[in-house]
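Chemist: Quick one: the structure is below, and I'll ask about it shortly.
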Amino acid sequence: MLWFRMELPCWCFLLLCCLQPLSAHSDFFTSIGQMTDLLYTEKDLVTSLKDYIRAEENKLEQVKRWADKLDSLTATATQDPEGYLGHPVNAFKLMKRLNTEWGDLESLVLRDTTDGFISNLTLQRQHFPTDEDQTGAAKALLRLQDTYRLDANTISTGNLPGVKHKSHMTAEDCYELGKIAYSEVDYYHTELWMAQALKQLDQGEESTLDKVAVLDYLSYAIYQQGEIERALEYTKRLLELDPEHQRANGNLKYFEFQLEKQKKAAEEEAQKQKERGKRETPEKKKKKPKRVSDHLIPERKKYERLCRGEGIRMTPRRQSRLFCRYYDNSRNPRYVLAPVKQQDEWDRPYIVRYLDIISDKEIEKVKQLAKPRLRRATVHDPQTGKLTTAQYRVSKSAWLTAYEDPMIEKINQRIEDLTGLEMDTAEELQVANYGVGGQYEPHFDFGRKDEPDAFKELGTGNRVATWLFYMSDVTAGGATVFPDVGAAVWPQKGTAVFWYNLFASGEGDYSTRHAACPVLVGNKWVSNKWIHERGQEWRRPCGLNETE
């Protein structure tokens with residue numbers, strides 16, 4: 001943390017303050033008495049000048065340490081960029097460094113003679129992350145914390161499953177994360193991260209962070225959650241460090257008043273009950289707590305449980321009916337001699353996985369074509385039928401057409417051969433890369449009855465089926481889950497999963513509601529093909545029953 005970035009202007013201010021009397025008064029030579037004052041002024045100036053020189057030397061030493069640290073860090077990070085950024089803490093700290101700390105460094109050296117560096121930094125800063133990026137990375141850490149039930153200390157120490165590049169968070173990092181949560185009126189996470197910052201300071205971590213500021217945020221966040229007694233404890237601790245803290249002194253009186261008020265109310269209630277002669281009924285036999293039916297659990301909870309690998313609802317009997325096989329799709333000429341490996345992932349809805357279905361060479365080519373045009377992923381707005389960005393979809397995507405490269409045409413043909421469905425009316429191949437904590441919350445791929453214009457612009461009917469390539473392994477997280485049926489499908493590089501979104505009757509299969517879990521550690525690349533109804537009339541004839 002470049003804590004002394006404001007020292008240069010401060011020392012300049014001191015010099016100017018000392019010089020002000022010289023400009024404010026004239027004819028000093030006419031009074032020795034006044035002239036003697038100038039000697040003391042000059043002595044103060046020399047002292048200030050020496051302090052300024054020491055600050056400059058300290059500044060240069062700090063810049064050197066910063067450069068050495070970043071030299072080592074970037075050398076390690078650039079050896080495996082995707083692996084390094086696959087750790088969400090590394091991604092957050094990168095956002096924080098480029099958005100905040102490099103700006104601090106710029107302010108620090110702005111008056112230096114290093115014009116080349118300043119020009120280059122100023123030029124490059126237009127491409128740096130913004131406040132929105134830093135906030136987004138911070139929110140991703142909070143989202144991962146909730147989804148995977150991680151405590152703040154686990155994230156701060158970097159002890160995430162399968163990490164290659166372990167990274168610690170400083171007390172300042174924790175404090176900044178808490179401040180971002182506070183700005184979002186998220187007092188729960190404000191408390192967690194301010195408490196973690198305080199813990200690290202109490203353990204002796206070297207930091208310029210002021211405990212008073214941490215305690216101020218912490219006590220208020222706890223108060224906002226209704227825990228006045230704990231808020232009072234932290235307020236008292238704050239006042240031990242800064243007895244004159246105006247807001248804390250005010251809060252102390254308010255919290256004590258509220259606690260006394262609560263105590264009186266409790267005593268009055270107890271007295272009323274006593275006067276009514278209320279007595280506790282004989283203790284009844286304790287009943288076993290009723291098991292909460294799974295359909296009563298909120299979807300968000302189901303989604304998060306599945307992301308953690310919990311709550312998967314596959315009975316042994318149903319599991320025994322899932323098989324693997326060599327598959328040629330009714331003796332398709334391309335696969336008669338070399339059938340593909342296919343395995344059942346789920347029975348209802350029926351989800352199959354194809355193994356070794358896309359090669360490393362093809363994956364790299366697809367990524368190479370997609371990277372220059374990756375943009376924030378969009379979703380269909382049910383009201384307008386148009387594409388728009390959404391907070392619940394955190395990824396970037398690109399669309400690849402068959403005429404751009406023969407390999408894309410080859411991949412499209414492969415999907416057609418194995419599904420037996422027409423690709424001419426399908427959407428282009430969509431390539432997606434999930435960023436830090438990247439996710440896509442529960443959604444349907446098909447348009448519902450209340451969204452009659454969902455795909456009207458395409459003119460190809462509803463999305464009948466989804467084909468999803470996994471183009472990378474993911475160290476932790478990143479599963480595709482189906483909350484309504486308790487299914488989870490984990491990424492496996494080189495494989496693809498396929499399911500129908502519509503029954504043969506054309507009715508939507510609501511059990512296909514699915515989500516992409518946040519990526520905890522690693523880098524997730526996928527590509528998908530949304531196949532539409534038009535052109536499937538003879539390839540997948542209509543069924544007579546609604547759910548057939």
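As shown in the structure tokens, the chain order sets the letters A, B, ...; within each chain, residues go from 1, and ligands are also counted from 1 in the order they appear.
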What's the 10 Å shell around A:Pro491, counting only C-alpha atoms, without same-chain residues fewer than 3 positions away, as a list in words?

Modeler: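 Once the adjacent positions are removed, what remains is Phe469, Tyr470, Met471, Ser472, Asp473, Val474, Thr475, Ala476, Gly477, Gly478, Ala479, Thr480, Ala488, Gly494, Thr495, Ala496, Val497, Lys524, Trp525 and Val526 of chain A.
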
Chemist: Taking only residues of stretch 384-454 of chain A that have an atom at most 10 Å from an atom of stretch 309-331 of chain A, what is each one's shortest atom pair and its distance in Å to one decimal, using only C-alpha atoms, in chain and number order, as a tab-separated table?

Modeler:
residue	atom	partner	partner_atom	distance
A:Asp417	CA	A:Asn329	CA	7.4
A:Leu418	CA	A:Asn329	CA	5.8
A:Thr419	CA	A:Asn329	CA	7.4
A:Gly420	CA	A:Asn329	CA	7.5

Chemist: Just to be explicit: take each residue in the selection above, keep N, CA, C and O atoms, and write the result as a CSV table (one decimal), in the first residue's frame.

Modeler:
chain,number,residue,atom,x,y,z
A,417,ASP,N,-24.6,-34.9,-36.9
A,417,ASP,CA,-24.5,-36.4,-37.1
A,417,ASP,C,-24.9,-37.2,-35.9
A,417,ASP,O,-25.5,-38.2,-35.9
A,418,LEU,N,-24.5,-36.6,-34.7
A,418,LEU,CA,-24.7,-37.4,-33.5
A,418,LEU,C,-26.1,-37.1,-32.9
A,418,LEU,O,-26.6,-38.0,-32.2
A,419,THR,N,-26.7,-36.0,-33.2
A,419,THR,CA,-28.1,-35.7,-32.6
A,419,THR,C,-29.1,-36.1,-33.7
A,419,THR,O,-30.3,-36.3,-33.3
A,420,GLY,N,-28.7,-36.1,-35.0
A,420,GLY,CA,-29.7,-36.3,-36.0
A,420,GLY,C,-30.6,-35.1,-36.3
A,420,GLY,O,-31.6,-35.2,-36.9

Chemist: Just give me the gap between atom CA of A:Tyr254 and atom CA of A:Leu192 in Å, one decimal is fine.

Modeler: 23.5 Å

Chemist: Can you pull out the residues contacting A:Thr135? Cut-off 12 Å, using only C-alpha atoms, and skip same-chain residues under 2 positions away; I want them as a list in words.

Modeler: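 Here the qualifying residues turn out to be Ala91, Phe92, Lys93, Met95, Lys96, Asn99, Thr100, Pro129, Thr130, Asp131, Glu132, Asp133, Ala137, Ala138, Lys139, Ala140, Leu141, Leu142, Glu176, Leu177, Gly178, Lys179, Ile180, Ala181, Tyr182, Ser183, Glu184 and Val436 of chain A.
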
Chemist: Neighbouring residues of A:Ser527 were defined as those with any atom within 7 Å, considering only C-alpha atoms; residues of the same chain fewer than 2 positions away were excluded. Please report them as a list in words.

Modeler: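 Using only C-alpha atoms, the neighbours found are Leu429, Gln430, Val431, Ala432, Leu468, Phe469 and Tyr470 of chain A.
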
Chemist: Just want the 6 Å neighbourhood of A:Ile531, counted on only C-alpha atoms, with same-chain residues fewer than 2 positions away dropped. Output as a list in words.

Modeler: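 Final neighbour list, sorted by chain and number: Ala426, Arg463, Val464 and Ala465 of chain A.
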
Chemist: With C-alpha atoms retained, write the just-selected residues as an mmCIF file, in the first residue's frame.

Modeler:
data_model
loop_
_atom_site.group_PDB
_atom_site.id
_atom_site.type_symbol
_atom_site.label_atom_id
_atom_site.label_comp_id
_atom_site.auth_asym_id
_atom_site.auth_seq_id
_atom_site.Cartn_x
_atom_site.Cartn_y
_atom_site.Cartn_z
ATOM 1 C CA ALA A 426 -29.552 -23.632 -35.153
ATOM 2 C CA ARG A 463 -34.937 -23.941 -28.790
ATOM 3 C CA VAL A 464 -35.616 -27.638 -29.010
ATOM 4 C CA ALA A 465 -32.273 -28.858 -27.634
#

Chemist: What lies within 8 Å of stretch 359-368 of chain A using only C-alpha atoms, ignoring chain neighbours under 2 positions off, as a ChimeraX atom specification?

Modeler: /A:356-357,370-372,407-408,431,471,494

Chemist: If we count only C-alpha atoms and set the cut-off at 7 Å, which residues sit around A:Thr147, ignoring sequence neighbours fewer than 3 positions away in its own chain? Please answer as an NGL selection string.

Modeler: :A and (143-144 or 304)

Chemist: Would you output that residue set with all heavy atoms, as an mmCIF file, in the first residue's frame?

Modeler:
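Contents of the output file selection12.cif:
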data_model
loop_
_atom_site.group_PDB
_atom_site.id
_atom_site.type_symbol
_atom_site.label_atom_id
_atom_site.label_comp_id
_atom_site.auth_asym_id
_atom_site.auth_seq_id
_atom_site.Cartn_x
_atom_site.Cartn_y
_atom_site.Cartn_z
ATOM 1 N N ARG A 143 -19.697 -13.804 -3.562
ATOM 2 C CA ARG A 143 -20.591 -14.829 -4.115
ATOM 3 C C ARG A 143 -19.994 -16.221 -3.895
ATOM 4 O O ARG A 143 -20.708 -17.170 -3.520
ATOM 5 C CB ARG A 143 -20.794 -14.556 -5.604
ATOM 6 C CG ARG A 143 -21.781 -15.493 -6.282
ATOM 7 C CD ARG A 143 -22.221 -14.958 -7.615
ATOM 8 N NE ARG A 143 -21.124 -14.753 -8.553
ATOM 9 C CZ ARG A 143 -20.717 -13.572 -9.001
ATOM 10 N NH1 ARG A 143 -21.309 -12.462 -8.590
ATOM 11 N NH2 ARG A 143 -19.722 -13.470 -9.871
ATOM 12 N N LEU A 144 -18.701 -16.370 -4.126
ATOM 13 C CA LEU A 144 -18.030 -17.649 -3.901
ATOM 14 C C LEU A 144 -18.083 -18.021 -2.418
ATOM 15 O O LEU A 144 -18.276 -19.184 -2.069
ATOM 16 C CB LEU A 144 -16.578 -17.568 -4.364
ATOM 17 C CG LEU A 144 -16.368 -17.461 -5.872
ATOM 18 C CD1 LEU A 144 -14.906 -17.169 -6.190
ATOM 19 C CD2 LEU A 144 -16.803 -18.744 -6.580
ATOM 20 N N GLU A 304 -27.185 -23.699 -4.757
ATOM 21 C CA GLU A 304 -25.905 -23.615 -4.053
ATOM 22 C C GLU A 304 -25.491 -24.980 -3.502
ATOM 23 O O GLU A 304 -24.300 -25.326 -3.529
ATOM 24 C CB GLU A 304 -25.991 -22.582 -2.927
ATOM 25 C CG GLU A 304 -26.108 -21.152 -3.443
ATOM 26 C CD GLU A 304 -26.180 -20.117 -2.341
ATOM 27 O OE1 GLU A 304 -26.351 -20.517 -1.157
ATOM 28 O OE2 GLU A 304 -26.068 -18.910 -2.638
#

Chemist: Could you check which of A:Leu160, A:Lys449, A:Pro88, A:Arg353 is closest to A:Val340, using only C-alpha atoms?

Modeler: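 Counting only C-alpha atoms, the residue closest to A:Val340 is A:Arg353.
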
Chemist: Taking the DSSP secondary structure from the backbone, can you list the residues of stretch 205-416 of chain A that are strand (DSSP E or B), as a count of residues only?

Modeler: 29

Chemist: Smallest atom-to-atom distance to A:Tyr217: which of A:Asp80, A:Glu205, A:Glu240, A:Asp186, using only C-alpha atoms?

Modeler: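 Nearest candidate to A:Tyr217 out of A:Asp80, A:Glu205, A:Glu240, A:Asp186: A:Asp186.
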
Chemist: Take atom CA of A:Cys517 and atom CA of A:Cys307 and report the distance between them in Å, one decimal.

Modeler: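 Interatomic distance, atom CA of A:Cys517 to atom CA of A:Cys307: 5.7 Å.
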
Chemist: I'd like to know which residues of stretch 181-397 of chain A are helix (DSSP H, G or I) (by DSSP, run on the backbone); could you write them as a PyMOL selection string?

Modeler: chain A and resi 181-183+187-202+211-224+228-241+246-275+294-296+299-307+316-319+360-373

Chemist: For atom CA of A:Asp216 and atom CA of A:Ala248, determine how far apart the two atoms are, in Å to one decimal place.

Modeler: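 Between these atoms lies a distance of 7.4 Å.
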
Chemist: Measuring atom to atom with only C-alpha atoms, identify which of A:Gly461, A:Gly447, A:Pro349, A:Gly438 is nearest to A:Trp499.

Modeler: A:Pro349

Chemist: Which one is closest to A:Thr378: A:Leu108, A:Val519, A:Val481, A:Ala398? Count only C-alpha atoms.

Modeler: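 Closest to A:Thr378, using only C-alpha atoms: A:Ala398.
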